Amino acid sequence: MAGRFILTFDCEGKWGCADALAPRDRRCLTNEKLRAAYASILHLLDHHRVEATFAFSGAFSQSPLAFERIRPHLQELSRRAPDYLGPALRDIAVTQGDGWHGDQLVRATAVSRTHHEIALHGVTHVPWTTVDRSFAQKEMELFEMLEGPVRVSRTFVYPRNLIAHEDVLAKHGFAGFRAAPPPRSRLASLLSEINLSEKPERPLRSDGMVRIPAGFFLNWRSGPRRLVPAAVTCARVRGLLRRAASTGAVVHYWLHPENIATAPSTF
């Protein structure tokens with residue numbers, strides 16, 4: 001059995017950090033810088049003919065006009081997730097949506113020369129482990145109202161990799177989701193970046209819905225992670241790919257295009 005390589009991008013704009021918007025996020029996650037980051041990724045994948053999955057947060061995938069259609073529903077949900085959606089809606093009003101509307105990025109991905117899968121990374125990016133099942137149901141009802149390519153998504157990437165309410169996904173036609181990595185501290189996560197003997201993952205047993213292996217986060221060259229030499233990251237990837245090719249295992253790498261907007265050396 002051949003090894004398998006999967007590449008996933010979690011596409012969020014400012015929705016991914018709505019509950020903790022820092023000055024750098026406001027400075028770097030602008031429409032202009034996001035367009036540049038996504039364009040560089042799509043060009044690189046076209047050059048090497050690598051197909052990937054781009055999982056867009058539903059609210060981020062909408063144009064300003066389409067967003068206005070769903071805004072009343074988001075305001076209703078914000079009463080149940082005030083610490084997350086409250087700051088989001090306020091910042092959208094202040095910035096005229098700069099960094100919050102990624103419809104052009106979805107279109108660029110959909111028409112790219114290389115075929116990429118468009119997946120869903122939650123609708124609001126509120127982690128489902130922090131809300132009850134009825135909130136998840138409301139989000140998926142909102143998913144049915146979205147416009148654009150994200151509407152036909154059949155793969156789900158849970159916000160912050162926090163798994164909950166799987167049955168809600170199945171009822172709305174989703175075929176699979178990315179599994180959660182084992183919990184570990186930030187220090188342990190950082191140290192794993194220099195583990196050159198890391199083992200690739202095995203395919204996961206699925207009960208109804210496909211469970212995609214959790215994968216490895218491509219090192220975001222920000223903060224202490226800048227200390228990890230790029231050569232070490234490359235050596236780690238090569239080792240994983242070689243071992244997967246010889247054992248039929250899976251190497252799944254993922255990151256956010258936003259990681260490139262905020263730390264360009266990640267590219």
# chains A, B, ... in the order shown; residues from 1 in each chain; ligands from 1
>>> residues_around(residues="Arg151 of chain A", least_positions_apart="3", cutoff="9 Å", atoms="only C-alpha atoms", output="list in words")
Gly58, Ile118, Ala119, Leu120, Phe143, Glu144, Met145, Leu146, Glu147, Gly148 and Arg154 of chain A
>>> write_last_selection(atoms="N, CA and C atoms", output="mmCIF file, in the first residue's frame")
data_model
loop_
_atom_site.group_PDB
_atom_site.id
_atom_site.type_symbol
_atom_site.label_atom_id
_atom_site.label_comp_id
_atom_site.auth_asym_id
_atom_site.auth_seq_id
_atom_site.Cartn_x
_atom_site.Cartn_y
_atom_site.Cartn_z
ATOM 1 N N GLY A 58 -17.089 29.616 7.465
ATOM 2 C CA GLY A 58 -18.212 30.007 6.631
ATOM 3 C C GLY A 58 -18.437 31.503 6.572
ATOM 4 N N ILE A 118 -12.591 22.504 -1.445
ATOM 5 C CA ILE A 118 -13.090 23.550 -0.559
ATOM 6 C C ILE A 118 -13.852 22.869 0.570
ATOM 7 N N ALA A 119 -13.389 23.049 1.797
ATOM 8 C CA ALA A 119 -14.012 22.438 2.969
ATOM 9 C C ALA A 119 -14.534 23.533 3.897
ATOM 10 N N LEU A 120 -15.167 23.124 4.992
ATOM 11 C CA LEU A 120 -15.746 24.062 5.956
ATOM 12 C C LEU A 120 -14.979 23.995 7.268
ATOM 13 N N PHE A 143 -25.134 27.493 7.756
ATOM 14 C CA PHE A 143 -24.330 26.959 6.652
ATOM 15 C C PHE A 143 -25.183 26.800 5.390
ATOM 16 N N GLU A 144 -26.417 26.362 5.567
ATOM 17 C CA GLU A 144 -27.307 26.169 4.423
ATOM 18 C C GLU A 144 -27.625 27.486 3.718
ATOM 19 N N MET A 145 -27.397 28.614 4.381
ATOM 20 C CA MET A 145 -27.700 29.927 3.813
ATOM 21 C C MET A 145 -26.496 30.575 3.130
ATOM 22 N N LEU A 146 -25.327 29.965 3.255
ATOM 23 C CA LEU A 146 -24.117 30.577 2.717
ATOM 24 C C LEU A 146 -24.124 30.580 1.194
ATOM 25 N N GLU A 147 -23.358 31.507 0.630
ATOM 26 C CA GLU A 147 -23.202 31.596 -0.816
ATOM 27 C C GLU A 147 -21.785 31.191 -1.202
ATOM 28 N N GLY A 148 -21.633 30.743 -2.447
ATOM 29 C CA GLY A 148 -20.309 30.449 -2.959
ATOM 30 C C GLY A 148 -19.895 28.997 -2.818
ATOM 31 N N ARG A 154 -18.002 19.082 1.952
ATOM 32 C CA ARG A 154 -18.365 17.800 2.547
ATOM 33 C C ARG A 154 -17.315 17.315 3.548
#
>>> residues_around(residues="Ser153 of chain A", least_positions_apart="2", cutoff="12 Å", atoms="only C-alpha atoms", output="ChimeraX atom specification")
/A:53-58,61,116-123,140,143-144,146-151,155-157,169,172-177
>>> write_last_selection(atoms="C-alpha atoms", output="PDB file, in the first residue's frame")
ATOM      1  CA  THR A  53      -7.800  21.149   1.012  1.00  0.00           C
ATOM      2  CA  PHE A  54      -8.723  24.749   1.850  1.00  0.00           C
ATOM      3  CA  ALA A  55     -11.134  24.759   4.799  1.00  0.00           C
ATOM      4  CA  PHE A  56     -12.830  28.164   5.018  1.00  0.00           C
ATOM      5  CA  SER A  57     -14.726  29.452   8.011  1.00  0.00           C
ATOM      6  CA  GLY A  58     -18.212  30.007   6.631  1.00  0.00           C
ATOM      7  CA  SER A  61     -16.108  32.958   2.970  1.00  0.00           C
ATOM      8  CA  HIS A 116      -8.295  22.041  -4.585  1.00  0.00           C
ATOM      9  CA  GLU A 117     -10.997  20.839  -2.223  1.00  0.00           C
ATOM     10  CA  ILE A 118     -13.090  23.550  -0.559  1.00  0.00           C
ATOM     11  CA  ALA A 119     -14.012  22.438   2.969  1.00  0.00           C
ATOM     12  CA  LEU A 120     -15.746  24.062   5.956  1.00  0.00           C
ATOM     13  CA  HIS A 121     -13.869  25.268   9.034  1.00  0.00           C
ATOM     14  CA  GLY A 122     -16.938  25.965  11.134  1.00  0.00           C
ATOM     15  CA  VAL A 123     -19.314  28.807  10.304  1.00  0.00           C
ATOM     16  CA  MET A 140     -25.324  24.333  10.357  1.00  0.00           C
ATOM     17  CA  PHE A 143     -24.330  26.959   6.652  1.00  0.00           C
ATOM     18  CA  GLU A 144     -27.307  26.169   4.423  1.00  0.00           C
ATOM     19  CA  LEU A 146     -24.117  30.577   2.717  1.00  0.00           C
ATOM     20  CA  GLU A 147     -23.202  31.596  -0.816  1.00  0.00           C
ATOM     21  CA  GLY A 148     -20.309  30.449  -2.959  1.00  0.00           C
ATOM     22  CA  PRO A 149     -18.181  27.283  -3.270  1.00  0.00           C
ATOM     23  CA  VAL A 150     -18.020  26.681   0.493  1.00  0.00           C
ATOM     24  CA  ARG A 151     -21.701  25.760   0.377  1.00  0.00           C
ATOM     25  CA  THR A 155     -15.251  17.844   4.745  1.00  0.00           C
ATOM     26  CA  PHE A 156     -15.266  19.603   8.123  1.00  0.00           C
ATOM     27  CA  VAL A 157     -12.267  20.940  10.023  1.00  0.00           C
ATOM     28  CA  LEU A 169     -22.371  17.194  10.710  1.00  0.00           C
ATOM     29  CA  HIS A 172     -26.066  18.093   7.029  1.00  0.00           C
ATOM     30  CA  GLY A 173     -24.347  15.875   4.499  1.00  0.00           C
ATOM     31  CA  PHE A 174     -20.743  15.974   5.674  1.00  0.00           C
ATOM     32  CA  ALA A 175     -18.701  12.904   4.810  1.00  0.00           C
ATOM     33  CA  GLY A 176     -15.682  13.373   7.074  1.00  0.00           C
ATOM     34  CA  PHE A 177     -13.735  15.543   9.499  1.00  0.00           C
TER      35      PHE A 177
END
>>> residues_around(residues="Ala244 of chain A", least_positions_apart="2", cutoff="10 Å", atoms="only C-alpha atoms", output="PDB file with N, CA and C atoms, in the first residue's frame")
ATOM      1  N   MET A   1       0.838  -1.196   0.000  1.00  0.00           N
ATOM      2  CA  MET A   1       0.000   0.000   0.000  1.00  0.00           C
ATOM      3  C   MET A   1       0.878   1.252   0.000  1.00  0.00           C
ATOM      4  N   ALA A   2       0.580   2.193  -0.878  1.00  0.00           N
ATOM      5  CA  ALA A   2       1.367   3.412  -0.968  1.00  0.00           C
ATOM      6  C   ALA A   2       1.093   4.325   0.219  1.00  0.00           C
ATOM      7  N   GLY A   3       2.070   5.160   0.526  1.00  0.00           N
ATOM      8  CA  GLY A   3       1.852   6.177   1.544  1.00  0.00           C
ATOM      9  C   GLY A   3       0.912   7.248   1.010  1.00  0.00           C
ATOM     10  N   ARG A   4       0.434   8.083   1.900  1.00  0.00           N
ATOM     11  CA  ARG A   4      -0.524   9.123   1.509  1.00  0.00           C
ATOM     12  C   ARG A   4      -0.105  10.459   2.123  1.00  0.00           C
ATOM     13  N   PHE A   5      -0.163  11.500   1.285  1.00  0.00           N
ATOM     14  CA  PHE A   5       0.164  12.850   1.753  1.00  0.00           C
ATOM     15  C   PHE A   5      -1.070  13.725   1.639  1.00  0.00           C
ATOM     16  N   LYS A 199       7.034   9.600  13.794  1.00  0.00           N
ATOM     17  CA  LYS A 199       6.384   8.579  12.984  1.00  0.00           C
ATOM     18  C   LYS A 199       5.154   9.148  12.285  1.00  0.00           C
ATOM     19  N   PRO A 200       4.929   8.790  11.022  1.00  0.00           N
ATOM     20  CA  PRO A 200       3.687   9.203  10.360  1.00  0.00           C
ATOM     21  C   PRO A 200       2.493   8.501  10.986  1.00  0.00           C
ATOM     22  N   GLU A 201       1.305   8.946  10.641  1.00  0.00           N
ATOM     23  CA  GLU A 201       0.088   8.395  11.235  1.00  0.00           C
ATOM     24  C   GLU A 201      -0.454   7.240  10.406  1.00  0.00           C
ATOM     25  N   ARG A 202      -1.273   6.429  11.051  1.00  0.00           N
ATOM     26  CA  ARG A 202      -1.967   5.346  10.363  1.00  0.00           C
ATOM     27  C   ARG A 202      -3.363   5.817   9.997  1.00  0.00           C
ATOM     28  N   ARG A 238      10.858  15.411   5.346  1.00  0.00           N
ATOM     29  CA  ARG A 238      11.412  14.374   4.464  1.00  0.00           C
ATOM     30  C   ARG A 238      11.410  13.018   5.150  1.00  0.00           C
ATOM     31  N   GLY A 239      11.774  13.001   6.433  1.00  0.00           N
ATOM     32  CA  GLY A 239      11.763  11.735   7.160  1.00  0.00           C
ATOM     33  C   GLY A 239      10.372  11.144   7.260  1.00  0.00           C
ATOM     34  N   LEU A 240       9.390  11.977   7.551  1.00  0.00           N
ATOM     35  CA  LEU A 240       8.005  11.516   7.631  1.00  0.00           C
ATOM     36  C   LEU A 240       7.547  10.942   6.297  1.00  0.00           C
ATOM     37  N   LEU A 241       7.865  11.626   5.208  1.00  0.00           N
ATOM     38  CA  LEU A 241       7.433  11.166   3.884  1.00  0.00           C
ATOM     39  C   LEU A 241       8.098   9.845   3.508  1.00  0.00           C
ATOM     40  N   ARG A 242       9.372   9.721   3.800  1.00  0.00           N
ATOM     41  CA  ARG A 242      10.076   8.463   3.494  1.00  0.00           C
ATOM     42  C   ARG A 242       9.459   7.299   4.269  1.00  0.00           C
ATOM     43  N   SER A 246       7.230   3.927   2.771  1.00  0.00           N
ATOM     44  CA  SER A 246       7.660   2.536   2.941  1.00  0.00           C
ATOM     45  C   SER A 246       6.709   1.711   3.801  1.00  0.00           C
ATOM     46  N   THR A 247       5.778   2.383   4.492  1.00  0.00           N
ATOM     47  CA  THR A 247       4.900   1.651   5.408  1.00  0.00           C
ATOM     48  C   THR A 247       3.416   1.801   5.094  1.00  0.00           C
ATOM     49  N   GLY A 248       3.060   2.635   4.093  1.00  0.00           N
ATOM     50  CA  GLY A 248       1.648   2.849   3.784  1.00  0.00           C
ATOM     51  C   GLY A 248       0.948   3.747   4.779  1.00  0.00           C
ATOM     52  N   ALA A 249       1.715   4.595   5.455  1.00  0.00           N
ATOM     53  CA  ALA A 249       1.144   5.481   6.466  1.00  0.00           C
ATOM     54  C   ALA A 249       0.730   6.818   5.846  1.00  0.00           C
ATOM     55  N   VAL A 250       0.303   7.740   6.700  1.00  0.00           N
ATOM     56  CA  VAL A 250      -0.241   9.030   6.258  1.00  0.00           C
ATOM     57  C   VAL A 250       0.595  10.174   6.838  1.00  0.00           C
ATOM     58  N   VAL A 251       0.935  11.125   5.983  1.00  0.00           N
ATOM     59  CA  VAL A 251       1.542  12.378   6.436  1.00  0.00           C
ATOM     60  C   VAL A 251       0.559  13.496   6.086  1.00  0.00           C
TER      61      VAL A 251
END
>>> closest_residue(among="A:Asn219, A:Ala179, A:Asp132, A:Arg27", to="Pro203 of chain A", atoms="only C-alpha atoms")
A:Ala179
>>> closest_residue(among="A:Pro82, A:Gly13, A:Pro23, A:Pro87", to="His101 of chain A", atoms="only C-alpha atoms")
A:Gly13
>>> closest_residue(among="A:Ser206, A:Ser63, A:Asn31, A:Ser222", to="Ile260 of chain A", atoms="only C-alpha atoms")
A:Ser222
>>> decode(residues="segment 92-111 of chain A", atoms="N, CA and C atoms", output="compact mmCIF listing (two decimals), in the first residue's frame")
# COMPACT_ATOMS: atom_id res chain seq x y z
N ILE A 92 -15.82 44.31 12.93
CA ILE A 92 -16.31 44.43 11.56
C ILE A 92 -16.91 45.81 11.34
N ALA A 93 -17.64 46.30 12.32
CA ALA A 93 -18.24 47.62 12.20
C ALA A 93 -17.17 48.72 12.17
N VAL A 94 -16.14 48.58 12.99
CA VAL A 94 -15.11 49.61 13.10
C VAL A 94 -14.21 49.63 11.86
N THR A 95 -13.87 48.44 11.33
CA THR A 95 -12.90 48.34 10.23
C THR A 95 -13.55 48.20 8.86
N GLN A 96 -14.87 48.31 8.79
CA GLN A 96 -15.60 48.07 7.53
C GLN A 96 -15.30 46.67 6.97
N GLY A 97 -15.05 45.74 7.88
CA GLY A 97 -14.88 44.35 7.48
C GLY A 97 -13.50 43.97 7.00
N ASP A 98 -12.50 44.84 7.19
CA ASP A 98 -11.16 44.53 6.72
C ASP A 98 -10.62 43.30 7.44
N GLY A 99 -10.32 42.26 6.67
CA GLY A 99 -9.81 41.01 7.23
C GLY A 99 -10.89 40.02 7.63
N TRP A 100 -12.15 40.40 7.42
CA TRP A 100 -13.26 39.54 7.84
C TRP A 100 -14.01 38.90 6.67
N HIS A 101 -13.81 39.41 5.45
CA HIS A 101 -14.53 38.91 4.28
C HIS A 101 -13.53 38.31 3.29
N GLY A 102 -13.58 36.98 3.10
CA GLY A 102 -12.60 36.31 2.24
C GLY A 102 -13.19 35.71 0.98
N ASP A 103 -14.30 36.27 0.48
CA ASP A 103 -14.95 35.69 -0.70
C ASP A 103 -14.02 35.67 -1.91
N GLN A 104 -13.18 36.71 -2.08
CA GLN A 104 -12.25 36.72 -3.20
C GLN A 104 -11.21 35.62 -3.07
N LEU A 105 -10.85 35.28 -1.85
CA LEU A 105 -9.87 34.22 -1.62
C LEU A 105 -10.47 32.85 -1.94
N VAL A 106 -11.74 32.67 -1.61
CA VAL A 106 -12.43 31.43 -1.96
C VAL A 106 -12.48 31.27 -3.48
N ARG A 107 -12.85 32.35 -4.17
CA ARG A 107 -12.95 32.29 -5.63
C ARG A 107 -11.59 31.99 -6.26
N ALA A 108 -10.54 32.64 -5.75
CA ALA A 108 -9.20 32.39 -6.29
C ALA A 108 -8.80 30.93 -6.12
N THR A 109 -9.16 30.35 -4.99
CA THR A 109 -8.86 28.94 -4.74
C THR A 109 -9.66 28.04 -5.68
N ALA A 110 -10.94 28.38 -5.86
CA ALA A 110 -11.83 27.55 -6.68
C ALA A 110 -11.44 27.54 -8.15
N VAL A 111 -10.88 28.65 -8.65
CA VAL A 111 -10.53 28.73 -10.08
C VAL A 111 -9.05 28.49 -10.32
